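*Asks:* The structure that follows is given in the form of C-alpha cells.
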Amino acid sequence: AADVEGVPVGALERHAELAELADEANWRYYVLDQPTVSDGEYDAWMRELRELEEAHPSLRTPDSPTQKVGAPISTDFTPVQHLRRLESLDNAFNPADLAGWQARAERLLEADPGPYLCELKIDGLAIALVYEKGRLVRGATRGDGRIGDDVTANVRTIEGIPHRLAGDNVPDVVEVRGEVFFPVSGFEKLNEQLVAAGKAPFANPRNSAAGSLRQKDPRITAQRELRMIAHGVGTWEGTPLPKTQSAVYEKLREFGLPISDMYKVVGSLTEIDEFIEYYRQHRHDPAYEIDGVVVKIDKIELQRQLGSTSRAPRWAIAFKYPPEEVNTKLLDIQVGI
Ligand code: NAD
C-alpha cells in the first residue's frame, strides 16, 4: 500500500504479526477474561510494536493495538455508549520515564504542573457508574473506551456501591469511574472452589474480577466478593466540579462512594518517587492486588489543558511494578487444564 512505502518488508511483516498476536491476546484477556499469555510477554509485544512505529511512523495507523483501548465488547451484553471516552494510562517503568512525563507536561503547560496526586494502581477492571439526580442508573465496563458492556444489574450487587448518593447537593448527572476488584483473600478462595468443581481457575485477581462482573446471571456476581474504589469522574452536571482531583475524591466520599484512604498529594518528583518506593516495599499491605502507582496532576484546569492522546490522558501516568511470579504459576495451571 502507498502509505507504507519505504518500510522494509521485514518490519512490515513483523508489525503485522505482532498486531495480530496483540489483537488476539486482547480478545482473550478483555472479552473472555482468560488470557493465554503472561502480561510480561504481552507487554514485550507492545514494546516492540511501539519501537517499530517509532522507526516507521506510517505503521502507526488508528487500528494499531498501540492506539486502542481494551477490545471491542462481547455480544453477551447490551452495548452502552459512554458519556465521555474511558481511557487507558501511559506507563512509566523507572524514575527517568516519570521525569520525562513531568517535563513534557511542564513544557505543554508552560507552567509548573504540580501538585501531584499519587495513588495505588488497583489491578481490577474499569467501571463507569452513571448517577442521575443521585440515583444509580447505569454501570458499564470500559470496553473499547467508547462503548462498553451494560452491567447495571451486576453492579447493583457489589457491596459498597451506593444505589443512591448521599446528601442534598448531588450533581444532576455524574459519571463516576473506578476500579472493580477482587480482594486477595476472596480470589484465593474462589480459585480453590473453581478447581474443586473441575473448572479453570482465573489467572489473577484482575481476570477474576472481570469474569465475575461480566456474568449474564447477576446472582453469580452477587456471590462473588467484589468491591469497588472510585478514581475519577467523567460527566459532572448541575453543580460545580471541584477544582482538584483530590477535592473530587473528597466530594465523592461525602456522596457515600468508596474512596481509597491511601492516596497522597505531593509537590515534587522526589516525593512521587518516595511514594512509589514505599508501596514497592508495602505492595501487599492493601487488601487488593496493585500493579503500580498512578500519578495524576491534581488541578482539574491543568488536566483540561493537557487533554488526551488517542488512548490515554497526558495528565496522568501509571508507574508499573514488575509483574509478580504468582501470576505465571497460576497461568501454567490454567493452561494445563
Ligand atoms: P492498565 O491496566 O495498564 O491501566 C489503565 C487502567 O488502570 C485504567 O483503565 C483504570 O481502570 C486502571 N486503574 C487502576 N487504578 C487506577 C487509579 N488509581 N487511577 C486511574 N486508573 C486506575 O491498562 P489497560 O489498557 O487496562 O491494560 C493494559 C495491560 O493489561 C497491559 O499492560 C497488560 O499487562 C495487560 N494485558 C494483558 C494481556 C494478556 O494477554 N496477558 C492482554 C491485554 C492486556
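Ordering of the C-alpha cells sets the chain letters (A, B, ...); residue numbers start at 1 within each chain; ligands are numbered from 1 in the order shown.
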Residues contacting ligand 1 - anything with an atom at most 6 Å away, using only C-alpha atoms and all ligand atoms - can you give me those as a ChimeraX atom specification?
*Replies:* /A:25-26,29,35-39,42-43,69-70,87-89,119-123,125-126,179,231,294
*Asks:* Can I get the residues of stretch 59-135 of chain A within 12 Å of stretch 1-15 of chain A, each with the closest pair of atoms and their distance in Å to one decimal, using only C-alpha atoms, sorted chain first then ascending number, as a Markdown table?
*Replies:*
```
| residue | atom | partner | partner_atom | distance |
| --- | --- | --- | --- | --- |
| A:Leu59 | CA | A:Val4 | CA | 6.7 |
| A:Arg60 | CA | A:His15 | CA | 9.8 |
| A:Thr61 | CA | A:Asp3 | CA | 9.8 |
| A:Ser64 | CA | A:His15 | CA | 9.2 |
| A:Pro65 | CA | A:His15 | CA | 10.4 |
| A:Thr66 | CA | A:His15 | CA | 11.1 |
```
*Asks:* So which bits of stretch 155-195 of chain A end up strand (DSSP E) when you DSSP the backbone, as JSON, numbers by chain?
*Replies:* {"A": [173, 174, 175, 176, 177, 178, 179, 180, 181]}
*Asks:* Which residue is closest to A:Ile259? Choose from A:Ala230, A:Arg156, A:Arg164, A:Trp101 and count only C-alpha atoms.
*Replies:*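 Among the listed residues, A:Ala230 lies closest to A:Ile259.
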*Asks:* Can you tell me which residues surround A:Ile272 at a distance of at most 8 Å, considering only C-alpha atoms, apart from same-chain residues fewer than 4 positions away, and format the answer as number ranges by chain?
*Replies:* A: 116, 118, 266, 268, 276, 295
*Asks:* For the residues in the current selection, export N, CA and C atoms as a short mmCIF file (atom, residue, chain, number, x, y, z; two decimals), in the first residue's frame.
*Replies:*
```cif
data_model
loop_
_atom_site.label_atom_id
_atom_site.label_comp_id
_atom_site.auth_asym_id
_atom_site.auth_seq_id
_atom_site.Cartn_x
_atom_site.Cartn_y
_atom_site.Cartn_z
N TYR A 116 0.87 16.96 42.66
CA TYR A 116 0.53 15.67 42.05
C TYR A 116 -0.19 14.79 43.05
N CYS A 118 -0.80 11.09 44.16
CA CYS A 118 -0.26 9.73 43.99
C CYS A 118 -1.26 8.75 44.59
N VAL A 266 1.31 15.38 46.64
CA VAL A 266 2.70 15.79 46.91
C VAL A 266 3.12 16.88 45.92
N SER A 268 6.51 17.35 44.60
CA SER A 268 7.73 17.20 43.79
C SER A 268 7.93 15.78 43.30
N ILE A 276 6.25 5.88 45.50
CA ILE A 276 6.41 4.66 44.69
C ILE A 276 7.27 3.63 45.43
N VAL A 295 0.01 8.41 39.03
CA VAL A 295 0.29 9.79 39.40
C VAL A 295 -0.58 10.68 38.51
#
```
*Asks:* Counting only C-alpha atoms, figure out which residue out of A:Val170, A:Ala55, A:Ala44, A:Ala71 gets nearest to A:Asp23.
*Replies:*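 Answer, going by the shortest atom-to-atom distance: A:Ala71.
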*Asks:* Which polymer residues have any atom within 9 Å of an atom of A:Pro242, counting only C-alpha atoms, with same-chain residues fewer than 6 positions away left out, as a PDB file with N, CA and C atoms, in the first residue's frame?
*Replies:*
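Everything below was put into selection01.pdb:
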```pdb
ATOM      1  N   VAL A 248     -12.296  16.328  44.311  1.00  0.00           N
ATOM      2  CA  VAL A 248     -13.336  15.473  43.708  1.00  0.00           C
ATOM      3  C   VAL A 248     -13.490  14.213  44.560  1.00  0.00           C
ATOM      4  N   LYS A 251     -15.360  14.882  47.705  1.00  0.00           N
ATOM      5  CA  LYS A 251     -16.777  15.074  47.385  1.00  0.00           C
ATOM      6  C   LYS A 251     -17.454  13.715  47.194  1.00  0.00           C
ATOM      7  N   ILE A 300      -7.636  20.281  38.148  1.00  0.00           N
ATOM      8  CA  ILE A 300      -8.502  19.879  37.039  1.00  0.00           C
ATOM      9  C   ILE A 300      -8.292  20.808  35.827  1.00  0.00           C
TER      10      ILE A 300
END
```
*Asks:* If we count only C-alpha atoms, what is near A:Ile161 at a cut-off of 10 Å, once residues fewer than 4 positions away on the same chain are taken out, given as a list of chain:residue names?
*Replies:*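 Returned residues: A:Leu129, A:Leu136, A:Val155, A:Arg156, A:Thr157, A:Leu165, A:Arg227, A:Met228, A:Ile229, A:Ala230, A:Gly256, A:Leu257, A:Pro258.
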*Asks:* Which neighbours of A:Leu18 fall inside 8 Å, counting only C-alpha atoms, when residues of the same chain fewer than 5 positions from it are skipped, and could you give them as a list in words?
*Replies:* Trp45, Met46 and Leu49 of chain A
*Asks:* Among stretch 114-255 of chain A, which residues carry a DSSP assignment of helix (DSSP H, G or I), reported as a PyMOL selection string?
*Replies:* chain A and resi 152-155+184-196+205-213+218-223+245-254
*Asks:* Only C-alpha atoms, please: the residues just picked out, written as a PDB file, in the first residue's frame.
*Replies:*
```
ATOM      1  CA  THR A 152     -26.010  -2.408  35.675  1.00  0.00           C
ATOM      2  CA  ALA A 153     -27.742  -5.382  37.301  1.00  0.00           C
ATOM      3  CA  ASN A 154     -24.377  -6.893  38.253  1.00  0.00           C
ATOM      4  CA  VAL A 155     -23.008  -3.636  39.616  1.00  0.00           C
ATOM      5  CA  VAL A 184      -6.867 -11.094  47.526  1.00  0.00           C
ATOM      6  CA  SER A 185      -8.392 -13.425  50.129  1.00  0.00           C
ATOM      7  CA  GLY A 186     -11.591 -13.813  48.120  1.00  0.00           C
ATOM      8  CA  PHE A 187      -9.615 -14.533  44.962  1.00  0.00           C
ATOM      9  CA  GLU A 188      -7.755 -17.455  46.502  1.00  0.00           C
ATOM     10  CA  LYS A 189     -10.967 -18.903  47.891  1.00  0.00           C
ATOM     11  CA  LEU A 190     -12.733 -18.576  44.539  1.00  0.00           C
ATOM     12  CA  ASN A 191      -9.923 -20.321  42.660  1.00  0.00           C
ATOM     13  CA  GLU A 192      -9.951 -23.200  45.145  1.00  0.00           C
ATOM     14  CA  GLN A 193     -13.699 -23.562  44.626  1.00  0.00           C
ATOM     15  CA  LEU A 194     -13.347 -23.445  40.836  1.00  0.00           C
ATOM     16  CA  VAL A 195     -10.582 -26.066  40.822  1.00  0.00           C
ATOM     17  CA  ALA A 196     -12.603 -28.300  43.191  1.00  0.00           C
ATOM     18  CA  PRO A 205      -7.434 -11.232  40.614  1.00  0.00           C
ATOM     19  CA  ARG A 206      -7.994  -8.820  37.733  1.00  0.00           C
ATOM     20  CA  ASN A 207      -9.296 -11.544  35.450  1.00  0.00           C
ATOM     21  CA  SER A 208     -11.409 -12.975  38.250  1.00  0.00           C
ATOM     22  CA  ALA A 209     -12.937  -9.560  38.879  1.00  0.00           C
ATOM     23  CA  ALA A 210     -13.677  -9.126  35.174  1.00  0.00           C
ATOM     24  CA  GLY A 211     -15.060 -12.658  34.866  1.00  0.00           C
ATOM     25  CA  SER A 212     -17.213 -12.261  37.959  1.00  0.00           C
ATOM     26  CA  LEU A 213     -18.618  -8.889  36.973  1.00  0.00           C
ATOM     27  CA  PRO A 218     -26.213 -11.249  38.256  1.00  0.00           C
ATOM     28  CA  ARG A 219     -26.896 -13.783  41.022  1.00  0.00           C
ATOM     29  CA  ILE A 220     -23.469 -15.271  40.313  1.00  0.00           C
ATOM     30  CA  THR A 221     -21.887 -11.833  40.552  1.00  0.00           C
ATOM     31  CA  ALA A 222     -23.690 -11.339  43.873  1.00  0.00           C
ATOM     32  CA  GLN A 223     -21.984 -14.443  45.267  1.00  0.00           C
ATOM     33  CA  GLN A 245      -8.743  15.625  41.714  1.00  0.00           C
ATOM     34  CA  SER A 246      -8.303  15.260  45.481  1.00  0.00           C
ATOM     35  CA  ALA A 247     -11.283  17.564  46.161  1.00  0.00           C
ATOM     36  CA  VAL A 248     -13.336  15.473  43.708  1.00  0.00           C
ATOM     37  CA  TYR A 249     -12.428  12.371  45.744  1.00  0.00           C
ATOM     38  CA  GLU A 250     -13.494  14.006  48.987  1.00  0.00           C
ATOM     39  CA  LYS A 251     -16.777  15.074  47.385  1.00  0.00           C
ATOM     40  CA  LEU A 252     -17.381  11.518  46.150  1.00  0.00           C
ATOM     41  CA  ARG A 253     -16.595  10.266  49.654  1.00  0.00           C
ATOM     42  CA  GLU A 254     -19.306  12.613  51.011  1.00  0.00           C
TER      43      GLU A 254
END
```
*Asks:* Go ahead and compute the interatomic distance for atom CA of A:Lys296 and atom CA of A:Glu237, in Å to one decimal.
*Replies:*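 Atom CA of A:Lys296 sits 22.3 Å away from atom CA of A:Glu237.
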